[in-house]
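Below: upload.pdb (PDB, C-alpha atoms, pLDDT in the B column)
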ATOM      1  CA  MET A   1      43.277 -28.039  30.507  1.00 44.00           C
ATOM      2  CA  ARG A   2      45.383 -29.068  27.587  1.00 50.00           C
ATOM      3  CA  GLY A   3      42.228 -29.745  25.520  1.00 56.00           C
ATOM      4  CA  ARG A   4      40.766 -26.324  26.333  1.00 59.00           C
ATOM      5  CA  GLY A   5      44.050 -24.674  25.421  1.00 58.00           C
ATOM      6  CA  GLY A   6      44.098 -26.436  22.077  1.00 61.00           C
ATOM      7  CA  LEU A   7      40.527 -25.353  21.357  1.00 58.00           C
ATOM      8  CA  LYS A   8      41.363 -21.755  22.204  1.00 62.00           C
ATOM      9  CA  ILE A   9      44.346 -21.821  19.858  1.00 64.00           C
ATOM     10  CA  ARG A  10      42.236 -23.282  17.055  1.00 56.00           C
ATOM     11  CA  LEU A  11      39.588 -20.597  17.581  1.00 59.00           C
ATOM     12  CA  LEU A  12      42.226 -17.849  17.449  1.00 57.00           C
ATOM     13  CA  ILE A  13      43.749 -19.302  14.277  1.00 57.00           C
ATOM     14  CA  GLY A  14      40.307 -19.629  12.717  1.00 51.00           C
ATOM     15  CA  LEU A  15      39.408 -16.045  13.580  1.00 56.00           C
ATOM     16  CA  ALA A  16      42.734 -14.830  12.163  1.00 56.00           C
ATOM     17  CA  ILE A  17      42.086 -16.636   8.870  1.00 53.00           C
ATOM     18  CA  VAL A  18      38.569 -15.196   8.644  1.00 52.00           C
ATOM     19  CA  ALA A  19      39.866 -11.701   9.449  1.00 57.00           C
ATOM     20  CA  PHE A  20      42.532 -12.052   6.770  1.00 47.00           C
ATOM     21  CA  ALA A  21      39.870 -13.026   4.228  1.00 47.00           C
ATOM     22  CA  PHE A  22      37.781  -9.918   4.965  1.00 51.00           C
ATOM     23  CA  ILE A  23      40.804  -7.604   4.930  1.00 57.00           C
ATOM     24  CA  LYS A  24      41.851  -9.012   1.565  1.00 53.00           C
ATOM     25  CA  ARG A  25      38.306  -8.640   0.265  1.00 53.00           C
ATOM     26  CA  CYS A  26      38.293  -4.946   1.126  1.00 60.00           C
ATOM     27  CA  ALA A  27      41.665  -4.525  -0.588  1.00 55.00           C
ATOM     28  CA  THR A  28      40.426  -6.107  -3.831  1.00 62.00           C
ATOM     29  CA  LYS A  29      37.385  -3.878  -4.242  1.00 77.00           C
ATOM     30  CA  GLU A  30      37.432  -1.844  -7.448  1.00 84.00           C
ATOM     31  CA  THR A  31      35.066  -0.071  -9.818  1.00 89.00           C
ATOM     32  CA  ASN A  32      34.741  -1.766 -13.180  1.00 87.00           C
ATOM     33  CA  PRO A  33      35.754   0.892 -15.763  1.00 88.00           C
ATOM     34  CA  TYR A  34      33.345  -0.519 -18.362  1.00 87.00           C
ATOM     35  CA  THR A  35      30.209  -1.011 -16.255  1.00 88.00           C
ATOM     36  CA  ASN A  36      30.865   1.335 -13.293  1.00 88.00           C
ATOM     37  CA  ARG A  37      29.881  -1.526 -11.006  1.00 91.00           C
ATOM     38  CA  GLU A  38      31.883  -2.110  -7.817  1.00 89.00           C
ATOM     39  CA  GLN A  39      33.450  -5.574  -7.734  1.00 83.00           C
ATOM     40  CA  ASN A  40      35.991  -7.630  -5.821  1.00 76.00           C
ATOM     41  CA  ILE A  41      38.748  -8.556  -8.279  1.00 81.00           C
ATOM     42  CA  SER A  42      42.417  -9.251  -7.613  1.00 76.00           C
ATOM     43  CA  MET A  43      43.685 -10.333 -11.039  1.00 82.00           C
ATOM     44  CA  SER A  44      44.915  -8.004 -13.761  1.00 88.00           C
ATOM     45  CA  PRO A  45      43.567  -7.954 -17.348  1.00 91.00           C
ATOM     46  CA  ASP A  46      46.773  -9.707 -18.458  1.00 92.00           C
ATOM     47  CA  GLU A  47      46.067 -12.498 -15.974  1.00 88.00           C
ATOM     48  CA  GLU A  48      42.480 -12.760 -17.245  1.00 87.00           C
ATOM     49  CA  ILE A  49      43.772 -13.054 -20.805  1.00 92.00           C
ATOM     50  CA  ALA A  50      46.301 -15.714 -19.762  1.00 90.00           C
ATOM     51  CA  ILE A  51      43.634 -17.792 -18.006  1.00 86.00           C
ATOM     52  CA  GLY A  52      41.386 -17.596 -21.057  1.00 88.00           C
ATOM     53  CA  LEU A  53      44.133 -18.652 -23.450  1.00 91.00           C
ATOM     54  CA  GLN A  54      45.201 -21.517 -21.200  1.00 89.00           C
ATOM     55  CA  SER A  55      41.622 -22.758 -20.831  1.00 88.00           C
ATOM     56  CA  ALA A  56      40.606 -22.428 -24.486  1.00 91.00           C
ATOM     57  CA  PRO A  57      42.140 -25.724 -25.791  1.00 92.00           C
ATOM     58  CA  HIS A  58      40.361 -27.725 -23.081  1.00 89.00           C
ATOM     59  CA  MET A  59      37.035 -26.068 -23.877  1.00 89.00           C
ATOM     60  CA  MET A  60      37.500 -26.778 -27.579  1.00 94.00           C
ATOM     61  CA  LYS A  61      38.275 -30.438 -26.896  1.00 93.00           C
ATOM     62  CA  GLN A  62      35.274 -30.743 -24.595  1.00 90.00           C
ATOM     63  CA  HIS A  63      32.999 -29.673 -27.456  1.00 93.00           C
ATOM     64  CA  GLY A  64      34.563 -31.791 -30.189  1.00 96.00           C
ATOM     65  CA  GLY A  65      37.046 -29.211 -31.422  1.00 96.00           C
ATOM     66  CA  LEU A  66      36.572 -26.346 -33.862  1.00 96.00           C
ATOM     67  CA  HIS A  67      34.025 -26.591 -36.652  1.00 96.00           C
ATOM     68  CA  PRO A  68      35.684 -27.086 -40.072  1.00 95.00           C
ATOM     69  CA  ASP A  69      33.185 -24.816 -41.884  1.00 95.00           C
ATOM     70  CA  GLN A  70      35.323 -21.802 -42.762  1.00 96.00           C
ATOM     71  CA  GLY A  71      32.270 -19.895 -43.968  1.00 96.00           C
ATOM     72  CA  ALA A  72      30.632 -20.143 -40.563  1.00 97.00           C
ATOM     73  CA  GLN A  73      33.874 -19.131 -38.861  1.00 97.00           C
ATOM     74  CA  ALA A  74      34.287 -16.140 -41.188  1.00 98.00           C
ATOM     75  CA  LEU A  75      30.728 -15.016 -40.415  1.00 98.00           C
ATOM     76  CA  ILE A  76      31.326 -15.221 -36.666  1.00 98.00           C
ATOM     77  CA  ASP A  77      34.606 -13.331 -37.008  1.00 98.00           C
ATOM     78  CA  GLN A  78      32.940 -10.605 -39.075  1.00 98.00           C
ATOM     79  CA  ILE A  79      30.072 -10.038 -36.671  1.00 98.00           C
ATOM     80  CA  GLY A  80      32.225 -10.394 -33.565  1.00 98.00           C
ATOM     81  CA  GLN A  81      34.868  -7.941 -34.735  1.00 97.00           C
ATOM     82  CA  LYS A  82      32.207  -5.425 -35.782  1.00 98.00           C
ATOM     83  CA  LEU A  83      30.802  -5.574 -32.254  1.00 98.00           C
ATOM     84  CA  VAL A  84      34.284  -5.036 -30.827  1.00 98.00           C
ATOM     85  CA  THR A  85      35.428  -2.222 -33.117  1.00 97.00           C
ATOM     86  CA  THR A  86      32.238  -0.149 -32.846  1.00 97.00           C
ATOM     87  CA  THR A  87      31.833  -0.323 -29.056  1.00 96.00           C
ATOM     88  CA  ILE A  88      33.756   0.299 -25.863  1.00 95.00           C
ATOM     89  CA  ALA A  89      35.208  -3.196 -26.233  1.00 96.00           C
ATOM     90  CA  LYS A  90      37.858  -1.756 -28.592  1.00 96.00           C
ATOM     91  CA  GLU A  91      39.154   0.419 -25.734  1.00 95.00           C
ATOM     92  CA  THR A  92      39.867  -2.547 -23.456  1.00 96.00           C
ATOM     93  CA  PRO A  93      43.123  -4.533 -23.194  1.00 96.00           C
ATOM     94  CA  TYR A  94      41.253  -7.761 -23.942  1.00 96.00           C
ATOM     95  CA  LYS A  95      42.081  -9.863 -27.006  1.00 93.00           C
ATOM     96  CA  PHE A  96      38.806 -10.985 -28.567  1.00 97.00           C
ATOM     97  CA  ASP A  97      38.752 -14.185 -30.594  1.00 97.00           C
ATOM     98  CA  PHE A  98      35.586 -15.920 -31.766  1.00 98.00           C
ATOM     99  CA  HIS A  99      35.296 -19.668 -32.275  1.00 97.00           C
ATOM    100  CA  VAL A 100      32.644 -21.988 -33.734  1.00 98.00           C
ATOM    101  CA  LEU A 101      32.643 -25.346 -31.946  1.00 97.00           C
ATOM    102  CA  LEU A 102      31.819 -28.627 -33.669  1.00 97.00           C
ATOM    103  CA  ASP A 103      29.338 -29.629 -30.950  1.00 95.00           C
ATOM    104  CA  ASP A 104      25.929 -30.031 -32.632  1.00 94.00           C
ATOM    105  CA  GLN A 105      24.128 -31.264 -29.505  1.00 92.00           C
ATOM    106  CA  THR A 106      24.818 -28.628 -26.841  1.00 89.00           C
ATOM    107  CA  ILE A 107      22.978 -25.359 -27.429  1.00 91.00           C
ATOM    108  CA  ASN A 108      25.378 -22.916 -25.839  1.00 89.00           C
ATOM    109  CA  ALA A 109      27.728 -19.960 -26.135  1.00 91.00           C
ATOM    110  CA  PHE A 110      30.227 -18.853 -23.525  1.00 90.00           C
ATOM    111  CA  ALA A 111      33.156 -16.546 -22.886  1.00 91.00           C
ATOM    112  CA  LEU A 112      36.413 -17.196 -21.090  1.00 90.00           C
ATOM    113  CA  PRO A 113      38.101 -14.351 -19.222  1.00 89.00           C
ATOM    114  CA  GLY A 114      40.153 -12.089 -21.437  1.00 93.00           C
ATOM    115  CA  GLY A 115      38.132 -12.403 -24.642  1.00 95.00           C
ATOM    116  CA  GLN A 116      38.001 -16.012 -25.886  1.00 95.00           C
ATOM    117  CA  ILE A 117      34.396 -16.454 -27.065  1.00 96.00           C
ATOM    118  CA  PHE A 118      32.729 -19.653 -28.265  1.00 96.00           C
ATOM    119  CA  ILE A 119      29.441 -20.644 -29.895  1.00 96.00           C
ATOM    120  CA  THR A 120      28.414 -24.221 -30.592  1.00 95.00           C
ATOM    121  CA  GLN A 121      27.172 -25.372 -33.974  1.00 96.00           C
ATOM    122  CA  ALA A 122      24.001 -26.527 -32.184  1.00 95.00           C
ATOM    123  CA  LEU A 123      23.172 -22.928 -31.238  1.00 95.00           C
ATOM    124  CA  LEU A 124      24.475 -21.301 -34.404  1.00 97.00           C
ATOM    125  CA  SER A 125      22.311 -23.560 -36.568  1.00 96.00           C
ATOM    126  CA  ARG A 126      19.189 -22.401 -34.725  1.00 96.00           C
ATOM    127  CA  LEU A 127      19.861 -18.682 -35.092  1.00 97.00           C
ATOM    128  CA  GLU A 128      17.883 -17.096 -37.908  1.00 96.00           C
ATOM    129  CA  ASN A 129      19.916 -14.042 -38.929  1.00 98.00           C
ATOM    130  CA  LYS A 130      23.032 -11.950 -38.332  1.00 98.00           C
ATOM    131  CA  ASP A 131      21.265  -9.811 -35.744  1.00 98.00           C
ATOM    132  CA  GLN A 132      20.585 -12.834 -33.560  1.00 98.00           C
ATOM    133  CA  ILE A 133      24.202 -13.935 -33.904  1.00 98.00           C
ATOM    134  CA  ALA A 134      25.229 -10.406 -32.891  1.00 98.00           C
ATOM    135  CA  GLY A 135      22.941 -10.690 -29.863  1.00 97.00           C
ATOM    136  CA  VAL A 136      24.637 -13.883 -28.716  1.00 97.00           C
ATOM    137  CA  LEU A 137      28.175 -12.602 -29.311  1.00 98.00           C
ATOM    138  CA  GLY A 138      27.378  -9.196 -27.794  1.00 97.00           C
ATOM    139  CA  HIS A 139      26.090 -10.944 -24.687  1.00 95.00           C
ATOM    140  CA  GLU A 140      29.345 -12.905 -24.389  1.00 94.00           C
ATOM    141  CA  ILE A 141      31.442  -9.774 -24.909  1.00 97.00           C
ATOM    142  CA  GLY A 142      29.411  -8.363 -22.034  1.00 96.00           C
ATOM    143  CA  HIS A 143      30.622 -11.189 -19.798  1.00 93.00           C
ATOM    144  CA  VAL A 144      34.221 -10.284 -20.604  1.00 95.00           C
ATOM    145  CA  LEU A 145      33.806  -6.551 -19.968  1.00 96.00           C
ATOM    146  CA  GLY A 146      31.742  -7.324 -16.896  1.00 93.00           C
ATOM    147  CA  LYS A 147      34.756  -9.276 -15.551  1.00 91.00           C
ATOM    148  CA  HIS A 148      32.332 -11.943 -14.395  1.00 88.00           C
ATOM    149  CA  SER A 149      34.813 -14.813 -14.410  1.00 83.00           C
ATOM    150  CA  ALA A 150      37.388 -12.796 -12.488  1.00 81.00           C
ATOM    151  CA  GLU A 151      34.736 -11.810  -9.962  1.00 81.00           C
ATOM    152  CA  ARG A 152      33.594 -15.415  -9.491  1.00 78.00           C
ATOM    153  CA  ILE A 153      37.197 -16.557  -9.007  1.00 78.00           C
ATOM    154  CA  GLU A 154      37.696 -13.918  -6.334  1.00 72.00           C
ATOM    155  CA  ASN A 155      34.433 -14.849  -4.607  1.00 65.00           C
ATOM    156  CA  THR A 156      35.350 -18.532  -4.696  1.00 67.00           C
ATOM    157  CA  ASN A 157      38.760 -17.850  -3.137  1.00 59.00           C
ATOM    158  CA  PHE A 158      37.126 -15.688  -0.472  1.00 47.00           C
ATOM    159  CA  TRP A 159      34.666 -18.395   0.555  1.00 46.00           C
ATOM    160  CA  LYS A 160      37.376 -21.071   0.501  1.00 59.00           C
ATOM    161  CA  THR A 161      39.416 -18.989   2.918  1.00 50.00           C
ATOM    162  CA  ILE A 162      36.385 -18.379   5.135  1.00 47.00           C
ATOM    163  CA  SER A 163      35.614 -22.097   5.059  1.00 57.00           C
ATOM    164  CA  MET A 164      39.166 -22.946   6.058  1.00 52.00           C
ATOM    165  CA  GLY A 165      39.011 -20.521   8.985  1.00 45.00           C
ATOM    166  CA  ALA A 166      35.657 -21.871  10.097  1.00 48.00           C
ATOM    167  CA  SER A 167      36.747 -25.493   9.875  1.00 51.00           C
ATOM    168  CA  VAL A 168      39.909 -24.777  11.891  1.00 47.00           C
ATOM    169  CA  GLY A 169      38.090 -22.762  14.514  1.00 44.00           C
ATOM    170  CA  MET A 170      34.740 -24.514  14.931  1.00 44.00           C
ATOM    171  CA  ASP A 171      34.510 -27.345  12.395  1.00 43.00           C
ATOM    172  CA  ALA A 172      31.738 -25.588  10.456  1.00 38.00           C
ATOM    173  CA  GLY A 173      33.312 -25.445   7.032  1.00 40.00           C
ATOM    174  CA  GLY A 174      30.491 -27.317   5.317  1.00 41.00           C
ATOM    175  CA  LEU A 175      27.911 -24.717   6.297  1.00 34.00           C
ATOM    176  CA  VAL A 176      30.053 -21.855   5.084  1.00 34.00           C
ATOM    177  CA  ASN A 177      30.753 -23.690   1.839  1.00 41.00           C
ATOM    178  CA  GLY A 178      26.997 -23.890   1.282  1.00 40.00           C
ATOM    179  CA  ILE A 179      26.604 -20.148   1.807  1.00 32.00           C
ATOM    180  CA  GLY A 180      29.429 -19.465  -0.624  1.00 35.00           C
ATOM    181  CA  GLN A 181      27.870 -21.618  -3.320  1.00 33.00           C
ATOM    182  CA  ASN A 182      24.526 -19.847  -2.975  1.00 38.00           C
ATOM    183  CA  VAL A 183      26.246 -16.497  -3.316  1.00 35.00           C
ATOM    184  CA  LEU A 184      28.052 -17.668  -6.449  1.00 31.00           C
ATOM    185  CA  LEU A 185      24.822 -18.934  -8.008  1.00 32.00           C
ATOM    186  CA  GLY A 186      23.104 -15.626  -7.260  1.00 39.00           C
ATOM    187  CA  ASN A 187      25.933 -13.717  -8.890  1.00 39.00           C
ATOM    188  CA  GLY A 188      25.566 -15.946 -11.927  1.00 68.00           C
ATOM    189  CA  ARG A 189      22.003 -14.788 -12.552  1.00 78.00           C
ATOM    190  CA  GLU A 190      23.006 -11.160 -12.096  1.00 84.00           C
ATOM    191  CA  ASP A 191      25.880 -11.677 -14.516  1.00 88.00           C
ATOM    192  CA  GLU A 192      23.518 -12.960 -17.199  1.00 89.00           C
ATOM    193  CA  LEU A 193      21.178  -9.997 -16.842  1.00 90.00           C
ATOM    194  CA  GLU A 194      24.059  -7.526 -16.913  1.00 93.00           C
ATOM    195  CA  SER A 195      25.407  -9.202 -20.058  1.00 94.00           C
ATOM    196  CA  ASP A 196      21.970  -9.064 -21.661  1.00 94.00           C
ATOM    197  CA  GLU A 197      21.916  -5.309 -21.113  1.00 94.00           C
ATOM    198  CA  LEU A 198      25.452  -4.849 -22.415  1.00 95.00           C
ATOM    199  CA  GLY A 199      24.667  -7.051 -25.400  1.00 96.00           C
ATOM    200  CA  VAL A 200      21.678  -4.898 -26.335  1.00 96.00           C
ATOM    201  CA  TYR A 201      23.784  -1.750 -26.023  1.00 95.00           C
ATOM    202  CA  PHE A 202      26.532  -3.229 -28.216  1.00 97.00           C
ATOM    203  CA  MET A 203      23.993  -4.327 -30.835  1.00 97.00           C
ATOM    204  CA  ILE A 204      22.585  -0.820 -31.084  1.00 95.00           C
ATOM    205  CA  GLN A 205      26.042   0.739 -31.334  1.00 94.00           C
ATOM    206  CA  ALA A 206      27.072  -1.721 -34.046  1.00 97.00           C
ATOM    207  CA  GLY A 207      23.890  -1.174 -36.073  1.00 96.00           C
ATOM    208  CA  TYR A 208      22.136  -4.466 -35.343  1.00 97.00           C
ATOM    209  CA  ASN A 209      18.454  -4.804 -34.458  1.00 96.00           C
ATOM    210  CA  PRO A 210      18.255  -5.266 -30.655  1.00 96.00           C
ATOM    211  CA  GLU A 211      14.768  -6.789 -30.918  1.00 96.00           C
ATOM    212  CA  GLU A 212      16.452  -9.909 -32.266  1.00 96.00           C
ATOM    213  CA  MET A 213      17.913 -10.503 -28.795  1.00 96.00           C
ATOM    214  CA  ILE A 214      14.351 -11.340 -27.795  1.00 95.00           C
ATOM    215  CA  GLY A 215      14.278 -13.781 -30.697  1.00 95.00           C
ATOM    216  CA  VAL A 216      17.361 -15.469 -29.231  1.00 94.00           C
ATOM    217  CA  MET A 217      15.630 -15.857 -25.867  1.00 92.00           C
ATOM    218  CA  LYS A 218      12.620 -17.452 -27.569  1.00 91.00           C
ATOM    219  CA  ILE A 219      14.928 -19.909 -29.318  1.00 90.00           C
ATOM    220  CA  LEU A 220      16.542 -20.806 -25.976  1.00 87.00           C
ATOM    221  CA  LYS A 221      13.124 -21.213 -24.387  1.00 85.00           C
ATOM    222  CA  ASP A 222      11.884 -23.500 -27.169  1.00 85.00           C
ATOM    223  CA  ALA A 223      15.102 -25.520 -27.090  1.00 81.00           C
ATOM    224  CA  ALA A 224      14.767 -26.122 -23.354  1.00 74.00           C
ATOM    225  CA  GLY A 225      11.242 -27.481 -23.805  1.00 71.00           C
ATOM    226  CA  PRO A 226       8.517 -27.764 -21.160  1.00 65.00           C
ATOM    227  CA  ASN A 227      10.810 -29.482 -18.642  1.00 60.00           C
ATOM    228  CA  ARG A 228      13.362 -26.704 -18.309  1.00 59.00           C
ATOM    229  CA  VAL A 229      14.883 -26.177 -14.866  1.00 55.00           C
ATOM    230  CA  PRO A 230      13.043 -23.574 -12.713  1.00 48.00           C
ATOM    231  CA  GLU A 231      14.862 -20.266 -12.458  1.00 47.00           C
ATOM    232  CA  PHE A 232      15.649 -20.577  -8.757  1.00 42.00           C
ATOM    233  CA  GLN A 233      17.507 -23.860  -9.428  1.00 45.00           C
ATOM    234  CA  SER A 234      19.590 -22.502 -12.283  1.00 51.00           C
ATOM    235  CA  THR A 235      22.504 -20.113 -12.633  1.00 53.00           C
ATOM    236  CA  HIS A 236      20.697 -18.560 -15.620  1.00 63.00           C
ATOM    237  CA  PRO A 237      17.492 -16.515 -15.380  1.00 71.00           C
ATOM    238  CA  ASP A 238      14.436 -18.015 -17.022  1.00 75.00           C
ATOM    239  CA  PRO A 239      14.244 -16.914 -20.708  1.00 74.00           C
ATOM    240  CA  VAL A 240      10.743 -15.496 -20.134  1.00 78.00           C
ATOM    241  CA  ASN A 241      12.030 -13.185 -17.400  1.00 83.00           C
ATOM    242  CA  ARG A 242      15.020 -12.250 -19.530  1.00 89.00           C
ATOM    243  CA  ILE A 243      12.712 -11.264 -22.403  1.00 91.00           C
ATOM    244  CA  GLU A 244      10.839  -8.824 -20.159  1.00 91.00           C
ATOM    245  CA  LYS A 245      14.053  -7.226 -18.918  1.00 92.00           C
ATOM    246  CA  ILE A 246      15.598  -7.058 -22.401  1.00 94.00           C
ATOM    247  CA  GLN A 247      12.523  -5.254 -23.743  1.00 94.00           C
ATOM    248  CA  LYS A 248      12.810  -2.704 -20.929  1.00 93.00           C
ATOM    249  CA  VAL A 249      16.489  -2.158 -21.750  1.00 93.00           C
ATOM    250  CA  ILE A 250      15.682  -1.691 -25.451  1.00 94.00           C
ATOM    251  CA  ASP A 251      12.972   0.849 -24.615  1.00 92.00           C
ATOM    252  CA  THR A 252      15.347   2.704 -22.286  1.00 91.00           C
ATOM    253  CA  TYR A 253      18.094   3.049 -24.910  1.00 86.00           C
ATOM    254  CA  ARG A 254      15.603   4.077 -27.580  1.00 81.00           C
ATOM    255  CA  ASN A 255      14.155   6.785 -25.339  1.00 78.00           C
ATOM    256  CA  ARG A 256      17.662   8.164 -24.817  1.00 76.00           C
ATOM    257  CA  ALA A 257      18.306   8.370 -28.585  1.00 59.00           C
TER     258      ALA A 257
END
Encoding of this model in structure tokens:
Amino acid sequence: MRGRGGLKIRLLIGLAIVAFAFIKRCATKETNPYTNREQNISMSPDEEIAIGLQSAPHMMKQHGGLHPDQGAQALIDQIGQKLVTTTIAKETPYKFDFHVLLDDQTINAFALPGGQIFITQALLSRLENKDQIAGVLGHEIGHVLGKHSAERIENTNFWKTISMGASVGMDAGGLVNGIGQNVLLGNGREDELESDELGVYFMIQAGYNPEEMIGVMKILKDAAGPNRVPEFQSTHPDPVNRIEKIQKVIDTYRNRA
């Protein structure tokens, strides 16, 4: 009897934790003012900015620090700030800073929440013109306005809470953790496509050639080589699929003009 009573209590506690997670999730639902997409986000823009600033030194160190080439940094600042000042990004509370990383091996660019944006020397050296640089930076600005990091943090906390409730109530936390990870990976691909679209829009507004975003995708495809990870195993969509969607976005915006 005592064992059954303990199981019942654990089930009730587990259900209460799960219920709390869903109630909190409903309370954090909001419409993104920059994309009009409904998201679950609990942190404020100031908190996003703080997280980005706190994380920036670690990200710099991980990629060998900042690149000493002041000319390259000035170019990135010029293009980045033009994208910010000529688009909706200037109307946000985010503080945009652009950084060139010393890393000449990792072909990558990324954005931290709140506006800290990075591009590695390895990627920058492969880009062929200012328009392609604008495509990369516009894409990363899109991640910031899309609040993708904040959304992933909220989703992660939600699934951790669900997992805790499940493990208390029925010792099934591992299964729920797996579901949560799959959801996060799916959101990652959607984030990339949304940022591609925003990047194209920002390029057009700032006077850059959006077709060069396709050039960036071709560079990424060539850099990955024939052994690149299949799309379903990656958080990023395959560059070939991204090219098709980017061309559709370009055609859509041009038809509106």
- So which residues touch stretch 34-39 of chain A within 12 Å, counting all atoms listed in the file, skipping near sequence neighbours fewer than 4 positions away, as a PyMOL selection string? chain A and resi 25-30+43+87-93+141-155+187+190-191+194-195+197-198+201
- Task: Would you mind listing what lies within 9 Å of A:Met60 as an MDAnalysis selection string, with only C-alpha atoms counted and same-chain residues fewer than 6 positions away left out?
- Result: chainID A and resid 66 99 101:102 118
Contacts between stretch 211-224 of chain A and stretch 103-148 of chain A, please, where a residue of stretch 103-148 of chain A counts if it comes within 9 Å (with all atoms listed in the file); show its shortest atom pair and distance in Å to one decimal, rows by chain and ascending number, as CSV.
residue,atom,partner,partner_atom,distance
A:Ile107,CA,A:Ala223,CA,7.9
A:Leu123,CA,A:Leu220,CA,8.7
A:Arg126,CA,A:Ile219,CA,7.3
A:Leu127,CA,A:Val216,CA,7.1
A:Glu128,CA,A:Gly215,CA,8.7
A:Asn129,CA,A:Glu212,CA,8.6
A:Asp131,CA,A:Glu212,CA,5.9
A:Gln132,CA,A:Glu212,CA,5.2
A:Ile133,CA,A:Val216,CA,8.4
A:Ala134,CA,A:Met213,CA,8.4
A:Gly135,CA,A:Met213,CA,5.1
A:Val136,CA,A:Val216,CA,7.5
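Reported to one decimal place, the separation of atom CA of A:Phe96 from atom CA of A:Asp69 is 20.0 Å.
Residue membership of the PyMOL selection byres ((chain A and resi 246) around 8) in the shown file amounts to Asp196, Glu197, Val200, Met213, Ile214, Arg242, Ile243, Glu244, Lys245, Gln247, Lys248, Val249 and Ile250 of chain A.
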- Message: Report, in Å to a single decimal, how far apart atom CA of A:Gln54 and atom CA of A:Ala111 are.
- Response: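 That distance, rounded to one decimal, is 13.1 Å.
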- Task: Find the spatial neighbours of A:Ala72, counting only C-alpha atoms, within a cut-off of 10 Å - ignore same-chain residues fewer than 6 positions away - and output them as a list in words.
- Result: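 Final neighbour list, sorted by chain and number: Gln78, His99, Val100, Gln121, Leu124 and Ser125 of chain A.
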Near-A:Lys130 list (9 Å; all atoms listed in the file; drop same-chain fewer than 6 positions) as an mmCIF file with C-alpha atoms, keeping the file's coordinate frame:
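Result written to part-v6.cif:
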data_model
loop_
_atom_site.group_PDB
_atom_site.id
_atom_site.type_symbol
_atom_site.label_atom_id
_atom_site.label_comp_id
_atom_site.auth_asym_id
_atom_site.auth_seq_id
_atom_site.Cartn_x
_atom_site.Cartn_y
_atom_site.Cartn_z
ATOM 1 C CA LEU A 75 30.728 -15.016 -40.415
ATOM 2 C CA ILE A 79 30.072 -10.038 -36.671
ATOM 3 C CA TYR A 208 22.136 -4.466 -35.343
#
- Atom pair atom CA of A:Phe110 + atom CA of A:His139, distance 9.0 Å
- Task: To verify the selection step, state as JSON, numbers by chain which residues the PyMOL selection byres ((chain A and resi 97) around 8) yields on this input.
- Result: {"A": [77, 95, 96, 98, 99, 115, 116, 117]}
- Task: Give me the result of the PyMOL selection byres ((chain A and resi 53) around 9) on this file, residue by residue, as a ChimeraX atom specification.
- Result: /A:48-52,54-57,112-116
- Pick from A:Leu193, A:Pro68, A:Pro210, A:Arg256, whichever lies nearest to A:Asp238 using only C-alpha atoms: A:Leu193
As a CSV table (one decimal), keeping the file's coordinate frame, please: stretch 114-122 of chain A completed to N, CA, C and O atoms.
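And here is the file that came out, rebuild_17.csv:
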chain,number,residue,atom,x,y,z
A,114,GLY,N,39.1,-12.6,-20.5
A,114,GLY,CA,40.2,-12.1,-21.4
A,114,GLY,C,39.7,-12.0,-22.9
A,114,GLY,O,40.4,-11.4,-23.7
A,115,GLY,N,38.6,-12.6,-23.3
A,115,GLY,CA,38.1,-12.4,-24.6
A,115,GLY,C,38.0,-13.6,-25.6
A,115,GLY,O,37.6,-13.4,-26.7
A,116,GLN,N,38.2,-14.8,-25.1
A,116,GLN,CA,38.0,-16.0,-25.9
A,116,GLN,C,36.5,-16.4,-25.8
A,116,GLN,O,36.0,-16.7,-24.8
A,117,ILE,N,35.8,-16.3,-27.0
A,117,ILE,CA,34.4,-16.5,-27.1
A,117,ILE,C,34.0,-17.6,-28.0
A,117,ILE,O,34.6,-17.8,-29.1
A,118,PHE,N,33.1,-18.4,-27.6
A,118,PHE,CA,32.7,-19.7,-28.3
A,118,PHE,C,31.2,-19.7,-28.5
A,118,PHE,O,30.4,-19.3,-27.6
A,119,ILE,N,30.8,-20.3,-29.6
A,119,ILE,CA,29.4,-20.6,-29.9
A,119,ILE,C,29.4,-22.0,-30.5
A,119,ILE,O,30.2,-22.4,-31.4
A,120,THR,N,28.5,-22.9,-30.0
A,120,THR,CA,28.4,-24.2,-30.6
A,120,THR,C,27.6,-24.2,-31.9
A,120,THR,O,26.8,-23.4,-32.1
A,121,GLN,N,27.9,-25.2,-32.7
A,121,GLN,CA,27.2,-25.4,-34.0
A,121,GLN,C,25.7,-25.6,-33.7
A,121,GLN,O,24.8,-25.2,-34.4
A,122,ALA,N,25.4,-26.3,-32.6
A,122,ALA,CA,24.0,-26.5,-32.2
A,122,ALA,C,23.2,-25.2,-32.0
A,122,ALA,O,22.1,-25.1,-32.4
